[in-house]
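Below you'll find the structure, written out as structure tokens, and then a few comments.
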Amino acid sequence: MPKVKKKRVGFVIDMTPLVDITFLLLTFFMFTAKFKSEAEAEQKFFIERPLASADTSKLPEQDLAIVKIAFLDSTKKDTSYYYEMTNEDDWKAVKSGVEGLTPEQMQNAQLQVSIETLEALIKRTYIVNSETSMAIDADKSIRFKWVSEAMDVLSKNRFTKFNYVTKKR
Amino acid sequence: MAGGGSLGGGGRSKRGKSSKRKSKKRVGFVLDMTPLVDITFLLLTFFMFTTTMATPQVMEMKVPPEIDVPVEVKESELLSILVDKDGDLFYFRGQGEAEELKMKDLRNLAIKENLNQINRLIIVLKVSDDSEYGTVVQVLDELNLAEAGIVDEMRVKRNQPTFERSRKFTIADLTEDDMAKIATLKPQTGGSQ
């Protein structure tokens with residue numbers, strides 16, 4: 001038996017099932033792929049999110065405004081607020097309603113802000129779209145003072161319900 | 001990348017063509033799928049590596065709206081959980097004496113206290129400005145996990161399929177009075193300073 005087959009040099013493999021499954025996977029990944037948003041691309045810092053296990057809801061994608069609180073560098077000395085919104089039209093409207101933003105800041109998708117500017121932005125956000133869902137995305141080793149101040153600003157401006165962005169344990 | 005692909009494809013297709021010419025009589029035909037597979041695999045790996053499957057999850061938080069009218073609550077219905085600057089936990093009922101609390105006991109405490117005063121207990125989380133945000137989230141997580149336990153226990157206790165749970169919770173700053181209360185419970189840190 002093996003002697004007869006040995007004469008053949010080339011061989012043909014039926015690739016059809018391989019192509020089938022590859023295309024299936026390809027389409028799956030193409031449809032589920034989510035690319036980095038503009039704001040994330042601009043982001044220079046990394047947020048180590050706190051771990052939580054109880055809540056399993058996902059971060060909403062529509063009309064979301066995120067207050068990010070992160071360390072400016074790896075020494076973990078300076079902390080700053082960042083603000084971004086997923087709805088671009090709303091974001092433009094909010095930015096144009098707030099005074100004191102530089103032309104460069106008007107272009108950015110993510111703003112590094114002081115607590116005063118953050119308050120102005122959040123106030124404006126409620127006027128532009130009161131349905132906006134708020135999220136606080138802070139580094140887990142940040143001092144709670146920063147989060148608590150952001151929470152005060154949110155509740156003062158009628159955003160009494162918001163989300164903490166966490167990582168699944 | 002593109003050069004390699006075209007090279008391989010070209011070589012194979014030549015062979016395909018020559019064999020096709022020889023046997024023109026054949027009804028079926030063989031399509032060389034190799035370049036197709038090449039490019040598909042390339043795209044597949046690209047998408048596989050660029051997708052971020054793990055979307056961050058969230059923990060919902062509700063704070064009471066700012067109102068100037070003070071709300072009166074019964075002292076007996078109040079459970080304060082304190083988080084100090086070192087991330088240590090303490091608790092006291094009403095205006096009582098503070099006691100130390102470990103993170104792993106927190107869930108049981110929350111369940112036990114809630115069962116005593118079902119749907120009436122108010123948990124006040126008092127957090128020091130200098131504590132870490134991660135610790136606070138951990139405490140909130142434990143309290144969230146306790147909710148499931150409370151509902152389960154109540155269903156068994158009352159022998160009802162459902163149980164209406166209303167949760168009373170608030171977050172506040174750690175005051176000077178609270179700090180004084182826990183100061184005696186922390187002899188090590190107090191002595192070293």
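Order determines the names: the first chain of the structure tokens is A, the second B, and so forth; residues in each chain are numbered 1 upward, and ligands are numbered 1 upward as they are shown.
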
For a quick test of understanding: name the residues of chain B lying within 6 Å of chain A when counting only C-alpha atoms, and present them as a PDB file with C-alpha atoms, in the first residue's frame.
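New file iface27.pdb:
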ATOM      1  CA  LEU B  44      -8.356  37.563  10.761  1.00  0.00           C
ATOM      2  CA  PHE B  47      -8.889  41.869  13.793  1.00  0.00           C
ATOM      3  CA  THR B  51     -10.313  43.921  19.202  1.00  0.00           C
ATOM      4  CA  PRO B  56     -15.107  47.915  31.238  1.00  0.00           C
ATOM      5  CA  GLN B  57     -17.947  47.252  33.593  1.00  0.00           C
ATOM      6  CA  VAL B  58     -19.548  49.748  35.874  1.00  0.00           C
ATOM      7  CA  MET B  59     -20.802  50.054  39.399  1.00  0.00           C
ATOM      8  CA  GLU B  60     -23.869  52.190  39.748  1.00  0.00           C
ATOM      9  CA  MET B  61     -23.910  54.859  42.371  1.00  0.00           C
ATOM     10  CA  LYS B  62     -26.761  57.051  43.481  1.00  0.00           C
ATOM     11  CA  VAL B  63     -26.280  60.068  45.656  1.00  0.00           C
ATOM     12  CA  PRO B  65     -29.736  65.376  45.533  1.00  0.00           C
ATOM     13  CA  ASP B 129     -10.245  62.343  52.001  1.00  0.00           C
ATOM     14  CA  ASP B 130      -6.869  60.655  52.103  1.00  0.00           C
ATOM     15  CA  SER B 131      -8.044  57.080  51.696  1.00  0.00           C
ATOM     16  CA  GLU B 132      -7.559  55.321  48.412  1.00  0.00           C
ATOM     17  CA  TYR B 133     -10.380  55.236  45.894  1.00  0.00           C
ATOM     18  CA  GLY B 134      -9.780  51.521  45.369  1.00  0.00           C
ATOM     19  CA  ASP B 141     -18.606  46.164  46.236  1.00  0.00           C
ATOM     20  CA  ASN B 144     -23.484  45.395  46.874  1.00  0.00           C
ATOM     21  CA  LEU B 145     -22.680  41.723  47.374  1.00  0.00           C
TER      22      LEU B 145
END

According to DSSP computed on the backbone, where in stretch 127-163 of chain A is there alpha helix (DSSP H)? Give the residues as a PyMOL selection string.
chain A and resi 127-128+144-156

Only all heavy atoms, please: the residues just picked out, written as a short mmCIF file (atom, residue, chain, number, x, y, z; two decimals), in the first residue's frame.
data_model
loop_
_atom_site.label_atom_id
_atom_site.label_comp_id
_atom_site.auth_asym_id
_atom_site.auth_seq_id
_atom_site.Cartn_x
_atom_site.Cartn_y
_atom_site.Cartn_z
N ILE A 127 -27.54 71.00 30.61
CA ILE A 127 -28.40 71.88 29.79
C ILE A 127 -28.52 71.31 28.38
O ILE A 127 -29.60 71.27 27.80
CB ILE A 127 -27.81 73.31 29.76
CG1 ILE A 127 -27.80 73.89 31.19
CG2 ILE A 127 -28.61 74.21 28.83
CD1 ILE A 127 -26.97 75.13 31.36
N VAL A 128 -27.41 70.88 27.82
CA VAL A 128 -27.40 70.38 26.44
C VAL A 128 -28.19 69.07 26.33
O VAL A 128 -29.04 68.91 25.47
CB VAL A 128 -25.95 70.18 25.93
CG1 VAL A 128 -25.94 69.44 24.61
CG2 VAL A 128 -25.26 71.52 25.79
N PHE A 144 -9.18 59.67 47.77
CA PHE A 144 -10.62 59.74 47.59
C PHE A 144 -11.12 61.18 47.47
O PHE A 144 -12.19 61.41 46.92
CB PHE A 144 -11.34 59.03 48.74
CG PHE A 144 -12.80 58.86 48.50
CD1 PHE A 144 -13.26 57.99 47.53
CD2 PHE A 144 -13.73 59.62 49.20
CE1 PHE A 144 -14.60 57.86 47.28
CE2 PHE A 144 -15.08 59.49 48.95
CZ PHE A 144 -15.52 58.61 47.99
N LYS A 145 -10.33 62.12 47.97
CA LYS A 145 -10.70 63.53 47.90
C LYS A 145 -11.09 63.94 46.48
O LYS A 145 -12.09 64.62 46.27
CB LYS A 145 -9.51 64.37 48.36
CG LYS A 145 -9.81 65.81 48.57
CD LYS A 145 -8.53 66.57 48.83
CE LYS A 145 -7.94 67.01 47.53
NZ LYS A 145 -6.98 68.05 47.54
N TRP A 146 -10.30 63.46 45.53
CA TRP A 146 -10.55 63.82 44.12
C TRP A 146 -11.90 63.30 43.64
O TRP A 146 -12.64 64.00 42.96
CB TRP A 146 -9.44 63.27 43.24
CG TRP A 146 -8.12 63.93 43.49
CD1 TRP A 146 -7.19 63.58 44.42
CD2 TRP A 146 -7.62 65.08 42.83
NE1 TRP A 146 -6.14 64.44 44.37
CE2 TRP A 146 -6.36 65.37 43.40
CE3 TRP A 146 -8.09 65.88 41.79
CZ2 TRP A 146 -5.58 66.45 42.97
CZ3 TRP A 146 -7.32 66.94 41.36
CH2 TRP A 146 -6.07 67.21 41.95
N VAL A 147 -12.18 62.06 44.00
CA VAL A 147 -13.44 61.45 43.59
C VAL A 147 -14.60 62.14 44.28
O VAL A 147 -15.62 62.44 43.67
CB VAL A 147 -13.43 59.94 43.91
CG1 VAL A 147 -14.71 59.28 43.42
CG2 VAL A 147 -12.23 59.27 43.31
N SER A 148 -14.40 62.40 45.57
CA SER A 148 -15.48 63.00 46.35
C SER A 148 -15.81 64.40 45.83
O SER A 148 -16.98 64.79 45.77
CB SER A 148 -15.06 62.99 47.82
OG SER A 148 -15.34 64.16 48.46
N GLU A 149 -14.79 65.15 45.40
CA GLU A 149 -15.05 66.48 44.84
C GLU A 149 -15.80 66.38 43.52
O GLU A 149 -16.72 67.15 43.26
CB GLU A 149 -13.72 67.23 44.63
CG GLU A 149 -13.29 67.96 45.89
CD GLU A 149 -11.92 68.59 45.77
OE1 GLU A 149 -11.40 68.70 44.64
OE2 GLU A 149 -11.36 68.96 46.82
N ALA A 150 -15.41 65.41 42.71
CA ALA A 150 -16.12 65.20 41.44
C ALA A 150 -17.57 64.81 41.69
O ALA A 150 -18.48 65.25 40.99
CB ALA A 150 -15.41 64.13 40.62
N MET A 151 -17.78 63.97 42.73
CA MET A 151 -19.13 63.55 43.07
C MET A 151 -19.98 64.72 43.54
O MET A 151 -21.16 64.82 43.20
CB MET A 151 -19.08 62.48 44.17
CG MET A 151 -18.90 61.08 43.63
SD MET A 151 -18.41 59.92 44.92
CE MET A 151 -19.64 60.18 46.15
N ASP A 152 -19.36 65.59 44.32
CA ASP A 152 -20.08 66.80 44.77
C ASP A 152 -20.52 67.64 43.59
O ASP A 152 -21.67 68.10 43.54
CB ASP A 152 -19.17 67.63 45.69
CG ASP A 152 -19.04 67.02 47.07
OD1 ASP A 152 -19.85 66.12 47.37
OD2 ASP A 152 -18.15 67.44 47.83
N VAL A 153 -19.60 67.81 42.65
CA VAL A 153 -19.92 68.61 41.46
C VAL A 153 -21.07 67.96 40.69
O VAL A 153 -22.01 68.63 40.26
CB VAL A 153 -18.67 68.74 40.56
CG1 VAL A 153 -19.04 69.27 39.20
CG2 VAL A 153 -17.65 69.64 41.22
N LEU A 154 -21.02 66.65 40.55
CA LEU A 154 -22.07 65.94 39.81
C LEU A 154 -23.42 66.10 40.50
O LEU A 154 -24.42 66.41 39.87
CB LEU A 154 -21.72 64.46 39.68
CG LEU A 154 -20.64 64.09 38.67
CD1 LEU A 154 -20.34 62.61 38.75
CD2 LEU A 154 -21.08 64.45 37.27
N SER A 155 -23.45 65.86 41.81
CA SER A 155 -24.74 65.91 42.50
C SER A 155 -25.28 67.33 42.56
O SER A 155 -26.49 67.55 42.53
CB SER A 155 -24.62 65.30 43.90
OG SER A 155 -23.80 66.10 44.70
N LYS A 156 -24.38 68.31 42.63
CA LYS A 156 -24.81 69.70 42.63
C LYS A 156 -25.49 70.05 41.31
O LYS A 156 -26.36 70.89 41.24
CB LYS A 156 -23.59 70.61 42.83
CG LYS A 156 -23.69 71.50 44.06
CD LYS A 156 -22.49 72.42 44.12
CE LYS A 156 -21.45 71.92 45.09
NZ LYS A 156 -20.20 72.68 45.02
#

Contacts of A:Phe71 at 8 Å (only C-alpha atoms; same-chain gap of 2+ positions) as a VMD selection string:
chain A and resid 45 69 73 to 74 76 to 80 139 142

Report, in Å with one decimal, the straight-line distance from atom CA of B:Phe49 to atom CA of A:Ala109.
25.0 Å

Select from stretch 39-156 of chain A everything DSSP, run on the backbone, classes as strand (DSSP E or B), then give the selection as a PDB file with N, CA and C atoms, in the first residue's frame.
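Written out: states21.pdb:
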ATOM      1  N   LEU A  51     -11.022  47.020  41.329  1.00  0.00           N
ATOM      2  CA  LEU A  51     -11.673  45.744  41.070  1.00  0.00           C
ATOM      3  C   LEU A  51     -13.020  45.681  41.776  1.00  0.00           C
ATOM      4  N   ALA A  52     -13.998  45.133  41.082  1.00  0.00           N
ATOM      5  CA  ALA A  52     -15.303  44.933  41.688  1.00  0.00           C
ATOM      6  C   ALA A  52     -15.925  43.686  41.089  1.00  0.00           C
ATOM      7  N   LYS A  58     -22.632  46.750  31.902  1.00  0.00           N
ATOM      8  CA  LYS A  58     -21.563  47.278  31.052  1.00  0.00           C
ATOM      9  C   LYS A  58     -21.700  48.786  30.941  1.00  0.00           C
ATOM     10  N   LEU A  64     -22.663  59.193  26.617  1.00  0.00           N
ATOM     11  CA  LEU A  64     -21.917  58.983  27.849  1.00  0.00           C
ATOM     12  C   LEU A  64     -20.910  60.114  28.047  1.00  0.00           C
ATOM     13  N   ALA A  65     -20.843  60.584  29.263  1.00  0.00           N
ATOM     14  CA  ALA A  65     -19.810  61.565  29.613  1.00  0.00           C
ATOM     15  C   ALA A  65     -18.948  60.944  30.701  1.00  0.00           C
ATOM     16  N   ILE A  66     -17.655  61.018  30.518  1.00  0.00           N
ATOM     17  CA  ILE A  66     -16.755  60.395  31.484  1.00  0.00           C
ATOM     18  C   ILE A  66     -15.870  61.447  32.145  1.00  0.00           C
ATOM     19  N   VAL A  67     -15.850  61.394  33.453  1.00  0.00           N
ATOM     20  CA  VAL A  67     -14.894  62.195  34.207  1.00  0.00           C
ATOM     21  C   VAL A  67     -13.755  61.255  34.548  1.00  0.00           C
ATOM     22  N   LYS A  68     -12.604  61.531  34.019  1.00  0.00           N
ATOM     23  CA  LYS A  68     -11.459  60.672  34.321  1.00  0.00           C
ATOM     24  C   LYS A  68     -10.565  61.371  35.330  1.00  0.00           C
ATOM     25  N   ILE A  69     -10.118  60.606  36.285  1.00  0.00           N
ATOM     26  CA  ILE A  69      -9.203  61.158  37.280  1.00  0.00           C
ATOM     27  C   ILE A  69      -7.972  60.272  37.261  1.00  0.00           C
ATOM     28  N   ALA A  70      -6.853  60.882  36.898  1.00  0.00           N
ATOM     29  CA  ALA A  70      -5.660  60.054  36.719  1.00  0.00           C
ATOM     30  C   ALA A  70      -4.415  60.781  37.178  1.00  0.00           C
ATOM     31  N   PHE A  71      -3.385  59.994  37.412  1.00  0.00           N
ATOM     32  CA  PHE A  71      -2.084  60.567  37.736  1.00  0.00           C
ATOM     33  C   PHE A  71      -1.460  61.091  36.455  1.00  0.00           C
ATOM     34  N   THR A  79      -2.250  64.907  40.228  1.00  0.00           N
ATOM     35  CA  THR A  79      -3.483  64.295  39.777  1.00  0.00           C
ATOM     36  C   THR A  79      -4.267  65.331  38.986  1.00  0.00           C
ATOM     37  N   SER A  80      -5.012  64.864  38.021  1.00  0.00           N
ATOM     38  CA  SER A  80      -5.790  65.819  37.249  1.00  0.00           C
ATOM     39  C   SER A  80      -7.113  65.212  36.802  1.00  0.00           C
ATOM     40  N   TYR A  81      -8.058  66.089  36.513  1.00  0.00           N
ATOM     41  CA  TYR A  81      -9.353  65.672  35.969  1.00  0.00           C
ATOM     42  C   TYR A  81      -9.308  65.739  34.446  1.00  0.00           C
ATOM     43  N   TYR A  82     -10.002  64.824  33.839  1.00  0.00           N
ATOM     44  CA  TYR A  82     -10.166  64.840  32.387  1.00  0.00           C
ATOM     45  C   TYR A  82     -11.654  64.654  32.117  1.00  0.00           C
ATOM     46  N   TYR A  83     -12.101  65.267  31.039  1.00  0.00           N
ATOM     47  CA  TYR A  83     -13.522  65.157  30.728  1.00  0.00           C
ATOM     48  C   TYR A  83     -13.697  64.843  29.257  1.00  0.00           C
ATOM     49  N   GLU A  84     -14.568  63.912  28.963  1.00  0.00           N
ATOM     50  CA  GLU A  84     -14.837  63.582  27.567  1.00  0.00           C
ATOM     51  C   GLU A  84     -16.272  63.103  27.411  1.00  0.00           C
ATOM     52  N   MET A  85     -16.786  63.261  26.203  1.00  0.00           N
ATOM     53  CA  MET A  85     -18.151  62.809  25.921  1.00  0.00           C
ATOM     54  C   MET A  85     -18.161  61.987  24.642  1.00  0.00           C
ATOM     55  N   LEU A 111     -10.438  66.661  27.406  1.00  0.00           N
ATOM     56  CA  LEU A 111      -9.915  67.884  27.997  1.00  0.00           C
ATOM     57  C   LEU A 111      -9.337  67.623  29.369  1.00  0.00           C
ATOM     58  N   GLN A 112      -8.159  68.189  29.593  1.00  0.00           N
ATOM     59  CA  GLN A 112      -7.608  68.178  30.935  1.00  0.00           C
ATOM     60  C   GLN A 112      -8.108  69.442  31.610  1.00  0.00           C
ATOM     61  N   VAL A 113      -8.841  69.270  32.699  1.00  0.00           N
ATOM     62  CA  VAL A 113      -9.525  70.423  33.274  1.00  0.00           C
ATOM     63  C   VAL A 113      -9.271  70.560  34.769  1.00  0.00           C
ATOM     64  N   SER A 133     -25.533  59.986  30.467  1.00  0.00           N
ATOM     65  CA  SER A 133     -25.163  59.189  31.642  1.00  0.00           C
ATOM     66  C   SER A 133     -23.714  59.488  32.003  1.00  0.00           C
ATOM     67  N   MET A 134     -23.511  59.622  33.278  1.00  0.00           N
ATOM     68  CA  MET A 134     -22.209  60.049  33.782  1.00  0.00           C
ATOM     69  C   MET A 134     -21.417  58.855  34.298  1.00  0.00           C
ATOM     70  N   ALA A 135     -20.132  58.915  34.112  1.00  0.00           N
ATOM     71  CA  ALA A 135     -19.278  57.870  34.658  1.00  0.00           C
ATOM     72  C   ALA A 135     -18.016  58.491  35.234  1.00  0.00           C
ATOM     73  N   ILE A 136     -17.572  57.930  36.325  1.00  0.00           N
ATOM     74  CA  ILE A 136     -16.303  58.365  36.910  1.00  0.00           C
ATOM     75  C   ILE A 136     -15.301  57.244  36.715  1.00  0.00           C
ATOM     76  N   ASP A 137     -14.236  57.566  36.030  1.00  0.00           N
ATOM     77  CA  ASP A 137     -13.202  56.571  35.748  1.00  0.00           C
ATOM     78  C   ASP A 137     -11.932  57.049  36.439  1.00  0.00           C
ATOM     79  N   ALA A 138     -11.650  56.463  37.592  1.00  0.00           N
ATOM     80  CA  ALA A 138     -10.511  56.951  38.362  1.00  0.00           C
ATOM     81  C   ALA A 138      -9.529  55.827  38.648  1.00  0.00           C
ATOM     82  N   ARG A 143      -6.296  59.432  45.709  1.00  0.00           N
ATOM     83  CA  ARG A 143      -6.905  59.820  46.985  1.00  0.00           C
ATOM     84  C   ARG A 143      -8.388  60.087  46.788  1.00  0.00           C
TER      85      ARG A 143
END

Please provide the set of residues having any atom within 6 Å of stretch 117-120 of chain B, restricted to only C-alpha atoms, with same-chain residues fewer than 2 positions apart removed, written as a PyMOL selection string.
chain B and resi 114-115+166

Residues at most 10 Å from stretch 152-154 of chain B, counting only C-alpha atoms, excluding those fewer than 4 positions away in the same chain, as a PyMOL selection string?
chain B and resi 111-112+114-115+118+146-148+158-165

Next, dump the selected residues to file, keeping only all heavy atoms, as a short mmCIF file (atom, residue, chain, number, x, y, z; two decimals), in the first residue's frame.
data_model
loop_
_atom_site.label_atom_id
_atom_site.label_comp_id
_atom_site.auth_asym_id
_atom_site.auth_seq_id
_atom_site.Cartn_x
_atom_site.Cartn_y
_atom_site.Cartn_z
N ILE B 111 -25.22 42.25 56.19
CA ILE B 111 -26.39 41.35 56.11
C ILE B 111 -27.07 41.28 57.47
O ILE B 111 -28.29 41.47 57.59
CB ILE B 111 -25.96 39.94 55.64
CG1 ILE B 111 -25.47 39.99 54.19
CG2 ILE B 111 -27.11 38.95 55.77
CD1 ILE B 111 -24.91 38.69 53.67
N LYS B 112 -26.29 41.06 58.50
CA LYS B 112 -26.83 40.90 59.86
C LYS B 112 -27.59 42.15 60.31
O LYS B 112 -28.73 42.07 60.77
CB LYS B 112 -25.67 40.61 60.82
CG LYS B 112 -26.08 39.85 62.07
CD LYS B 112 -24.87 39.59 62.95
CE LYS B 112 -24.48 40.86 63.68
NZ LYS B 112 -23.08 40.89 64.10
N ASN B 114 -28.82 44.50 58.50
CA ASN B 114 -30.01 44.75 57.69
C ASN B 114 -31.17 43.84 58.07
O ASN B 114 -32.32 44.24 57.95
CB ASN B 114 -29.67 44.58 56.21
CG ASN B 114 -29.30 45.90 55.56
OD1 ASN B 114 -30.13 46.78 55.46
ND2 ASN B 114 -28.06 46.02 55.18
N LEU B 115 -30.85 42.62 58.49
CA LEU B 115 -31.92 41.68 58.85
C LEU B 115 -32.61 42.11 60.14
O LEU B 115 -33.80 41.88 60.32
CB LEU B 115 -31.36 40.26 59.00
CG LEU B 115 -30.93 39.60 57.70
CD1 LEU B 115 -30.47 38.18 57.96
CD2 LEU B 115 -32.05 39.59 56.68
N ILE B 118 -35.15 45.48 58.90
CA ILE B 118 -35.29 45.27 57.47
C ILE B 118 -35.87 46.51 56.77
O ILE B 118 -36.86 47.07 57.21
CB ILE B 118 -36.10 43.98 57.19
CG1 ILE B 118 -35.91 43.59 55.75
CG2 ILE B 118 -37.57 44.10 57.58
CD1 ILE B 118 -34.51 43.09 55.48
N ALA B 146 -23.59 42.13 49.57
CA ALA B 146 -24.44 41.83 50.73
C ALA B 146 -25.91 41.89 50.36
O ALA B 146 -26.74 41.16 50.92
CB ALA B 146 -24.13 42.81 51.86
N GLU B 147 -26.26 42.75 49.39
CA GLU B 147 -27.66 42.89 48.99
C GLU B 147 -28.28 41.56 48.58
O GLU B 147 -29.40 41.24 48.98
CB GLU B 147 -27.78 43.87 47.81
CG GLU B 147 -27.50 45.30 48.16
CD GLU B 147 -28.42 45.82 49.26
OE1 GLU B 147 -29.64 45.74 49.10
OE2 GLU B 147 -27.90 46.28 50.29
N ALA B 148 -27.53 40.80 47.80
CA ALA B 148 -28.02 39.49 47.36
C ALA B 148 -28.27 38.59 48.57
O ALA B 148 -29.27 37.89 48.64
CB ALA B 148 -27.02 38.84 46.40
N ARG B 158 -39.15 34.77 55.52
CA ARG B 158 -40.57 35.06 55.36
C ARG B 158 -41.29 34.02 54.52
O ARG B 158 -42.51 34.07 54.39
CB ARG B 158 -40.74 36.43 54.70
CG ARG B 158 -40.27 37.55 55.58
CD ARG B 158 -40.69 38.86 54.99
NE ARG B 158 -40.34 39.94 55.91
CZ ARG B 158 -40.43 41.21 55.60
NH1 ARG B 158 -40.85 41.57 54.41
NH2 ARG B 158 -40.11 42.14 56.46
N ASN B 159 -40.51 33.14 53.92
CA ASN B 159 -41.07 32.09 53.09
C ASN B 159 -41.91 32.64 51.93
O ASN B 159 -42.99 32.16 51.62
CB ASN B 159 -41.91 31.12 53.95
CG ASN B 159 -41.89 29.72 53.37
OD1 ASN B 159 -41.22 29.47 52.37
ND2 ASN B 159 -42.60 28.82 53.99
N GLN B 160 -41.39 33.67 51.34
CA GLN B 160 -42.07 34.27 50.19
C GLN B 160 -41.14 34.18 48.97
O GLN B 160 -39.93 34.22 49.13
CB GLN B 160 -42.35 35.76 50.46
CG GLN B 160 -43.49 35.98 51.42
CD GLN B 160 -43.56 37.43 51.87
OE1 GLN B 160 -42.64 38.20 51.65
NE2 GLN B 160 -44.66 37.77 52.52
N PRO B 161 -41.74 34.05 47.80
CA PRO B 161 -40.88 33.94 46.62
C PRO B 161 -40.15 35.24 46.30
O PRO B 161 -39.03 35.24 45.80
CB PRO B 161 -41.84 33.58 45.49
CG PRO B 161 -43.18 33.99 45.98
CD PRO B 161 -43.17 33.91 47.47
N THR B 162 -40.77 36.36 46.58
CA THR B 162 -40.11 37.63 46.28
C THR B 162 -40.04 38.47 47.55
O THR B 162 -40.77 38.24 48.51
CB THR B 162 -40.86 38.44 45.22
OG1 THR B 162 -42.22 38.58 45.64
CG2 THR B 162 -40.78 37.78 43.86
N PHE B 163 -39.16 39.42 47.50
CA PHE B 163 -38.98 40.29 48.64
C PHE B 163 -38.63 41.67 48.14
O PHE B 163 -37.71 41.86 47.36
CB PHE B 163 -37.87 39.74 49.54
CG PHE B 163 -37.40 40.72 50.57
CD1 PHE B 163 -38.24 41.11 51.59
CD2 PHE B 163 -36.12 41.25 50.50
CE1 PHE B 163 -37.81 42.02 52.53
CE2 PHE B 163 -35.69 42.17 51.44
CZ PHE B 163 -36.53 42.56 52.45
N GLU B 164 -39.43 42.62 48.54
CA GLU B 164 -39.22 43.99 48.09
C GLU B 164 -38.13 44.64 48.94
O GLU B 164 -38.30 44.82 50.13
CB GLU B 164 -40.54 44.76 48.23
CG GLU B 164 -40.56 46.05 47.46
CD GLU B 164 -40.96 45.89 46.00
OE1 GLU B 164 -41.17 44.74 45.54
OE2 GLU B 164 -41.04 46.91 45.34
N ARG B 165 -37.05 44.97 48.30
CA ARG B 165 -35.93 45.54 49.05
C ARG B 165 -35.77 47.02 48.71
O ARG B 165 -35.70 47.40 47.53
CB ARG B 165 -34.65 44.79 48.67
CG ARG B 165 -33.37 45.45 49.12
CD ARG B 165 -32.99 45.02 50.50
NE ARG B 165 -31.70 45.60 50.88
CZ ARG B 165 -31.51 46.30 51.99
NH1 ARG B 165 -32.50 46.54 52.82
NH2 ARG B 165 -30.31 46.77 52.29
#

Nearby residues (only C-alpha atoms) at most 9 Å from B:Arg93, same-chain spacing under 3 positions excluded, as a VMD selection string:
chain B and resid 75 to 81 96 to 98

Write the residues you've just listed into a file as a PDB file, in the first residue's frame, and include N, CA and C atoms for each of them.
ATOM      1  N   GLU B  75     -31.592  57.299  65.449  1.00  0.00           N
ATOM      2  CA  GLU B  75     -30.218  56.883  65.712  1.00  0.00           C
ATOM      3  C   GLU B  75     -30.067  55.367  65.589  1.00  0.00           C
ATOM      4  N   SER B  76     -31.088  54.657  66.040  1.00  0.00           N
ATOM      5  CA  SER B  76     -31.007  53.199  66.045  1.00  0.00           C
ATOM      6  C   SER B  76     -30.987  52.619  64.634  1.00  0.00           C
ATOM      7  N   GLU B  77     -31.419  53.423  63.665  1.00  0.00           N
ATOM      8  CA  GLU B  77     -31.472  52.925  62.293  1.00  0.00           C
ATOM      9  C   GLU B  77     -30.232  53.297  61.493  1.00  0.00           C
ATOM     10  N   LEU B  78     -29.243  53.786  62.205  1.00  0.00           N
ATOM     11  CA  LEU B  78     -28.067  54.294  61.520  1.00  0.00           C
ATOM     12  C   LEU B  78     -26.874  53.374  61.748  1.00  0.00           C
ATOM     13  N   LEU B  79     -26.225  53.000  60.673  1.00  0.00           N
ATOM     14  CA  LEU B  79     -24.978  52.239  60.803  1.00  0.00           C
ATOM     15  C   LEU B  79     -23.901  52.985  60.026  1.00  0.00           C
ATOM     16  N   SER B  80     -22.893  53.429  60.749  1.00  0.00           N
ATOM     17  CA  SER B  80     -21.818  54.161  60.089  1.00  0.00           C
ATOM     18  C   SER B  80     -20.641  53.240  59.851  1.00  0.00           C
ATOM     19  N   ILE B  81     -20.140  53.282  58.653  1.00  0.00           N
ATOM     20  CA  ILE B  81     -18.914  52.539  58.329  1.00  0.00           C
ATOM     21  C   ILE B  81     -17.857  53.580  57.970  1.00  0.00           C
ATOM     22  N   GLY B  96     -22.986  55.277  68.931  1.00  0.00           N
ATOM     23  CA  GLY B  96     -22.253  54.365  69.815  1.00  0.00           C
ATOM     24  C   GLY B  96     -20.748  54.395  69.646  1.00  0.00           C
ATOM     25  N   GLU B  97     -20.125  53.451  70.330  1.00  0.00           N
ATOM     26  CA  GLU B  97     -18.667  53.362  70.281  1.00  0.00           C
ATOM     27  C   GLU B  97     -18.230  52.694  68.978  1.00  0.00           C
ATOM     28  N   ALA B  98     -17.121  53.159  68.455  1.00  0.00           N
ATOM     29  CA  ALA B  98     -16.614  52.587  67.207  1.00  0.00           C
ATOM     30  C   ALA B  98     -15.925  51.255  67.464  1.00  0.00           C
TER      31      ALA B  98
END

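Note that the spacing between atom CA of B:Lys126 and atom CA of B:Thr175 amounts to 8.1 Å.
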
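Considering the residues A:Pro103, A:Lys95, A:Asn87, A:Arg169 and counting only C-alpha atoms, A:Asp63 has its shortest atom-to-atom contact with A:Asn87.
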
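Here atom CA of B:Met179 and atom CA of B:Lys104 stand 22.4 Å from one another.
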